[in-house]
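Enquirer: Below is one structure. I have some questions about it.
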Amino acid sequence: MVEIIKSHIVVPSEETPKTSLWVSNLDLAARRGYTPLVFFYRSNSNSNFFSVETLISSLAKTLVSFYPLAGRLGVDSYGRIEINCNGEGALLVVARSDSMLDDFNDFAPSTEMRNMFVPPAGSPDPPCILLMLQVTYFKCGGVAIGTAMHHTVTDGRGAFHFIETWSSITRGEPNYSPPPFLDRTLLLARPDPTILFNHPEYKSNSKTLAHSGSSTSYISSIIRISKKHINALKLQCSGTLGDRVSAFRAIVALVWQCVCVARKLDSGIETRLYTMIDMRSRMNPPLPVTYFGNAVIRTSVSASVDDVILNPISCVAKTIRGATNQGNEYTKSLIDYLETTNLSNLPRSGLPYSDLRVISWLGMPIYETDFGWGKPTFVGPALMYYSGFVYLMNSPEKDGGVSIIVALEPETTPRFKKMFLEKLDGLQG
């Protein structure tokens with residue numbers, strides 16, 4: 001049970017540019033909606049612990065450089081979505097809960113968690129608000145910070161840049177994070193669009209139309225993998241040639257195999273694995289590290305179910321490489337493709353029952369978000385949207401382990417967890 005105490009509209013503490021911000025094709029291709037995250041903090045007995053006044057003051061200062069987040073989604077004279085930087089402000093909700101922090105077990109995402117700790121999302125269409133935040137105080141003294149940032153404004157890396165800056169200013173850091181780079185024209189389509197690659201992730205197909213949304217009922221669970229297990233899994237994925245395999249590819253290979261088996265998929269059908277790649281460093285020239293916008297692209301690989309479950313895991317890891325090696329020309333081809341297609345027809349949610357979507361937050365500084373009262377005990381998505389969605393994150397213990405958040409059908413989840421954990425244990429045998 002959560003009770004709303006007060007809601008504040010927080011505007012930038014200084015005058016900011018009143019302008020319209022052009023958004024790129026990658027922004028327009030992102031899911032139209034809000035991304036709900038929750039940061040949980042244990043009490044440190046400080047009398048000023050997560051002071052509302054301090055958070056409001058620091059948020060106002062943060063919105064000076066991140067002023068698009070104080071604006072509203074708009075539409076230009078041609079009907080194209082844009083960001084109206086009008087300085088109207090972000091929403092900060094203050095709430096209290098009669099629950100204890102430990103009542104939430106492993107913090108697995110759910111509709112309940114999203115409804116309790118993140119402000120309710122209205123329409124994500126113009127002229128909607130772009131940033132909503134909620135501070136919830138628990139009976140035990142702990143705190144949850146819930147965030148909902150409109151995905152048209154930025155991707156995960158940009159969102160964490162904002163939160164990192166807000167927390168740095170709150171704790172009084174004199175040299176907080178560098179300002180965001182706001183010029184999205186670096187991702188303009190070419191005057192003569194040149195589409196050199198197929199981009200199936202941005203196209204509807206009969207398989208998607210037939211099955212999308214059929215797996216909306218799901219259970220979320222969190223599985224933690226130790227560094228020892230990860231190293232053993234990477235070694236197994238390296239194959240006889242000793243290929244170097246990343247933790248991402250090794251973990252996802254095992255997840256893909258176990259999901260195909262747990263779902264009891266027919267052996268001859270196609271299964272597709274989707275992921276997202278941050279292209280900031282892969283463009284030529286590279287985008288600024290602080291680029292604030294969507295600089296991620298959807299990629300995928302497909303294989304028959306037989307190929308995934310019967311081949312050695314090293315072969316599956318090698319297949320996944322095809323979804324992680326895209327570069328500058330691929331991204332430019334995608335931007336040009338989006339320039340020539342009707343963006344309203346892009347597939348944006350739901351997956352066929354045979355498919356998976358994996359999002360990696362590995363390496364992001366999510367557990368460095370210290371507002372001055374200590375680092376979070378857990379950070380994660382508040383909601384998973386649909387079945388077949390998977391997140392990889394560094395574990396909160398900072399011991400080299402990884403947390404996997406998996407959303408699967410209620411009947412699939414126990415079979416998946418049993419098989420996955422048995423295979424992990426077998427690596428140590």
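Just so we're on the same page: first chain in the structure tokens is A, next is B, and so on; residues restart at 1 for each chain, and ligands are numbered from 1 in the order they show up.
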Which residues, written as an NGL selection string, have at least one atom at most 7 Å from Leu37 (chain A), with only C-alpha atoms counted and residues fewer than 5 positions away on the same chain left out?

Expert: :A and (146-148 or 380-382)

Enquirer: Create the file for the chosen residues now, containing N, CA, C and O atoms and written as a compact mmCIF listing (two decimals), in the first residue's frame.

Expert:
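Written output follows (out.txt):
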# COMPACT_ATOMS: atom_id res chain seq x y z
N GLY A 146 11.66 6.03 -7.95
CA GLY A 146 11.12 5.50 -9.20
C GLY A 146 11.22 6.55 -10.29
O GLY A 146 10.95 7.73 -10.06
N THR A 147 11.62 6.14 -11.48
CA THR A 147 11.76 7.07 -12.59
C THR A 147 10.98 6.57 -13.81
O THR A 147 10.92 5.37 -14.06
N ALA A 148 10.38 7.50 -14.53
CA ALA A 148 9.71 7.19 -15.79
C ALA A 148 10.10 8.27 -16.79
O ALA A 148 9.65 9.41 -16.71
N GLY A 380 16.65 -1.79 -10.86
CA GLY A 380 16.14 -2.62 -11.95
C GLY A 380 14.90 -2.04 -12.57
O GLY A 380 14.34 -1.05 -12.10
N PRO A 381 14.45 -2.66 -13.67
CA PRO A 381 13.19 -2.23 -14.28
C PRO A 381 12.02 -2.54 -13.35
O PRO A 381 12.04 -3.52 -12.62
N ALA A 382 11.02 -1.68 -13.37
CA ALA A 382 9.83 -1.92 -12.55
C ALA A 382 8.82 -2.81 -13.27
O ALA A 382 7.93 -3.37 -12.64

Enquirer: May I have the residues within 12 Å of Glu164 (chain A) as a PyMOL selection string, using only C-alpha atoms and disregarding those fewer than 3 positions away in the same chain?

Expert: chain A and resi 58-59+62+66+157-161+167-171+173+176-180+290+364-372+375

Enquirer: Would you mind exporting C-alpha atoms of the selected residues as a short mmCIF file (atom, residue, chain, number, x, y, z; two decimals), in the first residue's frame?

Expert:
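Written output follows (out.cif):
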data_model
loop_
_atom_site.label_atom_id
_atom_site.label_comp_id
_atom_site.auth_asym_id
_atom_site.auth_seq_id
_atom_site.Cartn_x
_atom_site.Cartn_y
_atom_site.Cartn_z
CA SER A 58 19.09 19.35 -7.00
CA LEU A 59 16.57 18.22 -9.61
CA THR A 62 20.01 19.14 -13.06
CA PHE A 66 19.04 18.39 -19.21
CA ARG A 157 22.64 5.18 -21.34
CA GLY A 158 21.24 8.70 -21.58
CA ALA A 159 18.77 7.98 -18.79
CA PHE A 160 21.53 6.78 -16.46
CA HIS A 161 23.61 9.85 -17.39
CA SER A 167 22.66 12.18 -7.73
CA SER A 168 26.05 13.90 -8.05
CA ILE A 169 24.49 17.36 -7.63
CA THR A 170 22.39 16.11 -4.69
CA ARG A 171 25.46 14.91 -2.78
CA GLU A 173 29.90 17.04 -5.95
CA TYR A 176 29.67 16.33 -11.46
CA SER A 177 29.06 14.56 -14.75
CA PRO A 178 29.74 16.40 -18.04
CA PRO A 179 26.67 18.00 -19.64
CA PRO A 180 24.61 16.08 -22.19
CA THR A 290 27.42 12.09 -23.56
CA MET A 364 26.41 0.72 -16.85
CA PRO A 365 27.06 2.55 -13.54
CA ILE A 366 23.65 1.72 -12.07
CA TYR A 367 25.00 0.91 -8.60
CA GLU A 368 27.01 4.13 -8.41
CA THR A 369 23.84 6.21 -8.01
CA ASP A 370 24.63 7.72 -4.62
CA PHE A 371 22.52 10.76 -3.69
CA GLY A 372 24.70 11.31 -0.62
CA LYS A 375 24.53 3.44 -2.84
#

Enquirer: For each of A:Leu133, A:Met393, A:Ala303, A:Ile313, take the minimum atom-to-atom distance to Val245 (chain A), counting only C-alpha atoms, then give the residue where this is smallest.

Expert: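 That would be A:Ile313, the residue with the smallest distance to Val245 (chain A).
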
Enquirer: Can you list, as a ChimeraX atom specification, every protein, DNA or RNA residue that comes within 12 Å of region 258-268 of chain A when you count only C-alpha atoms, leaving out same-chain residues fewer than 3 positions away?

Expert: /A:215,251-255,271-273,303-310,313,316,352-357,387-390,406-424

Enquirer: Using only C-alpha atoms for the distances, tell me which of A:Leu196, A:Ala30, A:Val296, A:Leu186 is nearest to Glu329 (chain A).

Expert: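 Nearest candidate to Glu329 (chain A) out of A:Leu196, A:Ala30, A:Val296, A:Leu186: A:Leu196.
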
Enquirer: Quick check for you: according to DSSP on this backbone, which residues of region 105-242 of chain A are classed as strand (DSSP E)? Reply as an MDAnalysis selection string.

Expert: chainID A and resid 131:137 143:150 219:225

Enquirer: So how many Å separate CA of Ile4 (chain A) and CA of Asn44 (chain A), to one decimal?

Expert: 23.3 Å

Enquirer: Would you pick out the contacts of Asn46 (chain A) at 10 Å or less, using only C-alpha atoms, so that residues sharing its chain but fewer than 4 positions from it are not included, and give the list as an NGL selection string?

Expert: :A and (50-51 or 141 or 373)

Enquirer: Using all heavy atoms, can you write the selected residues to a file as a CSV table (one decimal), in the first residue's frame?

Expert:
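Wrote it out as selection-v9.csv, contents follow:
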chain,number,residue,atom,x,y,z
A,50,PHE,N,17.3,11.4,2.3
A,50,PHE,CA,16.5,11.6,1.1
A,50,PHE,C,15.5,12.8,1.4
A,50,PHE,O,14.3,12.6,1.2
A,50,PHE,CB,15.8,10.4,0.6
A,50,PHE,CG,16.7,9.5,-0.2
A,50,PHE,CD1,17.5,8.5,0.4
A,50,PHE,CD2,16.9,9.7,-1.6
A,50,PHE,CE1,18.4,7.7,-0.3
A,50,PHE,CE2,17.7,8.9,-2.3
A,50,PHE,CZ,18.5,7.9,-1.7
A,51,SER,N,16.0,13.9,1.9
A,51,SER,CA,15.2,15.1,2.1
A,51,SER,C,14.5,15.5,0.8
A,51,SER,O,15.2,15.7,-0.2
A,51,SER,CB,16.1,16.2,2.6
A,51,SER,OG,15.6,17.5,2.4
A,141,GLY,N,12.3,2.9,7.1
A,141,GLY,CA,13.2,4.0,6.9
A,141,GLY,C,13.9,4.0,5.5
A,141,GLY,O,14.6,4.9,5.1
A,373,TRP,N,23.5,9.5,0.5
A,373,TRP,CA,23.1,8.7,1.7
A,373,TRP,C,23.4,7.2,1.5
A,373,TRP,O,22.8,6.4,2.1
A,373,TRP,CB,21.6,8.9,1.9
A,373,TRP,CG,21.3,10.3,2.2
A,373,TRP,CD1,21.5,11.0,3.4
A,373,TRP,CD2,20.6,11.3,1.3
A,373,TRP,NE1,21.1,12.3,3.3
A,373,TRP,CE2,20.5,12.5,2.0
A,373,TRP,CE3,20.1,11.2,0.0
A,373,TRP,CZ2,19.9,13.6,1.5
A,373,TRP,CZ3,19.5,12.3,-0.5
A,373,TRP,CH2,19.4,13.5,0.2

Enquirer: Counting only C-alpha atoms, what is within 9 Å of Thr185 (chain A), bar same-chain residues fewer than 6 positions away, as a VMD selection string?

Expert: chain A and resid 22 to 24

Enquirer: Counting only C-alpha atoms, which residue out of A:Lys203, A:Lys61, A:Lys398, A:Lys6 sits closest to Leu92 (chain A)?

Expert: A:Lys6

Enquirer: Considering only C-alpha atoms, return as a short mmCIF file (atom, residue, chain, number, x, y, z; two decimals) with C-alpha atoms, in the first residue's frame whatever protein or nucleic-acid residues lie within 12 Å of Asn284 (chain A), sequence-local ones (same chain, fewer than 4 positions apart) excluded.

Expert:
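After the write, part-v7.cif holds the following:
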data_model
loop_
_atom_site.label_atom_id
_atom_site.label_comp_id
_atom_site.auth_asym_id
_atom_site.auth_seq_id
_atom_site.Cartn_x
_atom_site.Cartn_y
_atom_site.Cartn_z
CA LEU A 186 24.51 13.86 -36.12
CA LEU A 187 22.04 11.08 -36.94
CA MET A 279 26.31 2.68 -31.48
CA ARG A 280 27.93 5.73 -29.84
CA PRO A 288 30.03 11.99 -28.14
CA GLY A 327 29.08 -0.84 -37.25
CA ASN A 328 28.88 2.57 -38.88
CA GLU A 329 27.57 1.55 -42.32
CA TYR A 330 24.91 -0.69 -40.81
CA THR A 331 23.62 2.16 -38.65
CA LYS A 332 23.58 4.63 -41.53
#

Enquirer: Looking at A:Ser47, A:Ser110, A:Ser57, A:Ser97, which one is nearest to Glu14 (chain A), with distances taken over only C-alpha atoms?

Expert: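 Closest to Glu14 (chain A) of all the choices is A:Ser57.
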